[in-house]
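Undergrad: This is the structure I have questions about; it appears just below.
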Amino acid sequence: MKTAVPCYYHLDVEVGPERVGQVGRILAAHLRHWDLDNLVEPVRRGAELLLRAIDAHARNKHTSIEMWWNGQHLITALGGEDPDLRPEADLRSCLADIAAMSDGWGCCATHTGSTIIWFSQRARAGQRVPLVPLAPDPALRTGLKVPRDEPVTVLAGPAPAHGATLEGSR
């Protein structure tokens, strides 16, 4: 049996118009490295939408981006340090687009007053998942069966001469 390898990536960026495409390419490269080629486009699009919205509405442009892969879901989170950024007002159209293209999304505030916006993509059936082999467990089928039709003396063969036993073991 094989289990999925969990993956994590963190990136701090100062958001600007020229950085949006660059960050999208960086995230895409990490997803390809994790063998998640099928999630590249929705994650890149979602991250770029949020980065453009942060660039347009936030005064503090410093943003942290994190991606977590657990073998079934990829969660992408963007956290801005601008306490004045209001997702319900400033990012309403962006969040509607994120909700339409992701399997789940959410928004929360931190204890410092900054905002974290996250969205998730689920791996579909038949998609390649990075796997790690586990140590094999012994199975009953691999054990040797003792033949029951032959007497034990036939299986052991003829007994060696009296002094040959010690000589053969040296």
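Convention: chains lettered A, B, ... in structure tokens order; per-chain residue numbering from 1; ligands numbered from 1 as shown.
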Tell me which protein, DNA and RNA residues are within 12 Å of Leu91 in chain A, counting only C-alpha atoms, leaving out same-chain ones fewer than 2 positions away, and put them as a PyMOL selection string.
TA: chain A and resi 49-58+85-89+93-98+107+115+117
Undergrad: Would you write out, as a tab-separated table, a table of all residues in range 32-84 of chain A that have an atom no more than 7 Å from an atom of range 10-17 of chain A, listing for each the closest atom pair and the distance in Å to one decimal, considering only C-alpha atoms and ordering rows by chain and rising residue number?
TA:
residue	atom	partner	partner_atom	distance
A:Leu51	CA	A:Val15	CA	6.7
A:Asp55	CA	A:Val15	CA	5.9
A:Lys61	CA	A:Val15	CA	5.2
A:His62	CA	A:Glu14	CA	4.5
A:Thr63	CA	A:Val13	CA	5.4
A:Ser64	CA	A:Asp12	CA	4.4
A:Ile65	CA	A:Leu11	CA	5.1
A:Glu66	CA	A:His10	CA	4.4
A:Met67	CA	A:His10	CA	6.7
Undergrad: Export C-alpha atoms of the chosen residues as a tab-separated table (two decimals), in the first residue's frame?
TA:
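File part_31.tsv, as written:
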chain	number	residue	atom	x	y	z
A	51	LEU	CA	-3.12	39.15	-5.82
A	55	ASP	CA	-2.77	45.14	-5.30
A	61	LYS	CA	1.06	45.16	-0.15
A	62	HIS	CA	3.05	42.55	1.84
A	63	THR	CA	1.33	39.16	1.37
A	64	SER	CA	2.11	35.61	2.44
A	65	ILE	CA	1.06	32.69	0.25
A	66	GLU	CA	0.90	29.10	1.49
A	67	MET	CA	-0.03	25.84	-0.21
Undergrad: Would you list the contacts of Arg45 in chain A as a ChimeraX atom specification, taking every protein, DNA or RNA residue within 12 Å and counting only C-alpha atoms, but skipping same-chain residues closer than 6 positions in sequence?
TA: /A:20-21,23-25,27-28,39,51-52,76,94,97-98,100-102,119
Undergrad: Would you write out those residues with C-alpha atoms, as a PDB file, in the first residue's frame?
TA:
ATOM      1  CA  VAL A  20       1.352  38.799 -10.075  1.00  0.00           C
ATOM      2  CA  GLY A  21       2.394  36.740 -13.108  1.00  0.00           C
ATOM      3  CA  VAL A  23       4.022  34.457  -8.387  1.00  0.00           C
ATOM      4  CA  GLY A  24       1.617  32.477 -10.581  1.00  0.00           C
ATOM      5  CA  ARG A  25       4.571  30.868 -12.362  1.00  0.00           C
ATOM      6  CA  LEU A  27       3.170  28.358  -7.692  1.00  0.00           C
ATOM      7  CA  ALA A  28       2.735  26.449 -10.963  1.00  0.00           C
ATOM      8  CA  LEU A  39      -4.305  21.666 -10.427  1.00  0.00           C
ATOM      9  CA  LEU A  51      -3.121  39.147  -5.823  1.00  0.00           C
ATOM     10  CA  ARG A  52      -4.608  41.611  -8.324  1.00  0.00           C
ATOM     11  CA  THR A  76      -4.006  27.731  -1.114  1.00  0.00           C
ATOM     12  CA  CYS A  94     -12.915  38.420  -6.663  1.00  0.00           C
ATOM     13  CA  ASP A  97     -14.932  34.143  -8.919  1.00  0.00           C
ATOM     14  CA  ILE A  98     -12.909  32.123  -6.373  1.00  0.00           C
ATOM     15  CA  ALA A 100     -17.120  29.525  -8.650  1.00  0.00           C
ATOM     16  CA  MET A 101     -13.847  27.828  -9.562  1.00  0.00           C
ATOM     17  CA  SER A 102     -12.845  26.108  -6.309  1.00  0.00           C
ATOM     18  CA  PHE A 119      -9.488  28.159  -1.396  1.00  0.00           C
TER      19      PHE A 119
END
Undergrad: Looking at A:Tyr8, A:Gln121, A:Asn60, A:Cys108, which one is nearest to Arg44 in chain A, with distances taken over only C-alpha atoms?
TA: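 Closest to Arg44 in chain A, using only C-alpha atoms: A:Gln121.
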Undergrad: Measure the distance from CA of Val5 in chain A to CA of Trp69 in chain A in Å and round it to one decimal.
TA: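 Separating CA of Val5 in chain A from CA of Trp69 in chain A is a distance of 8.1 Å.
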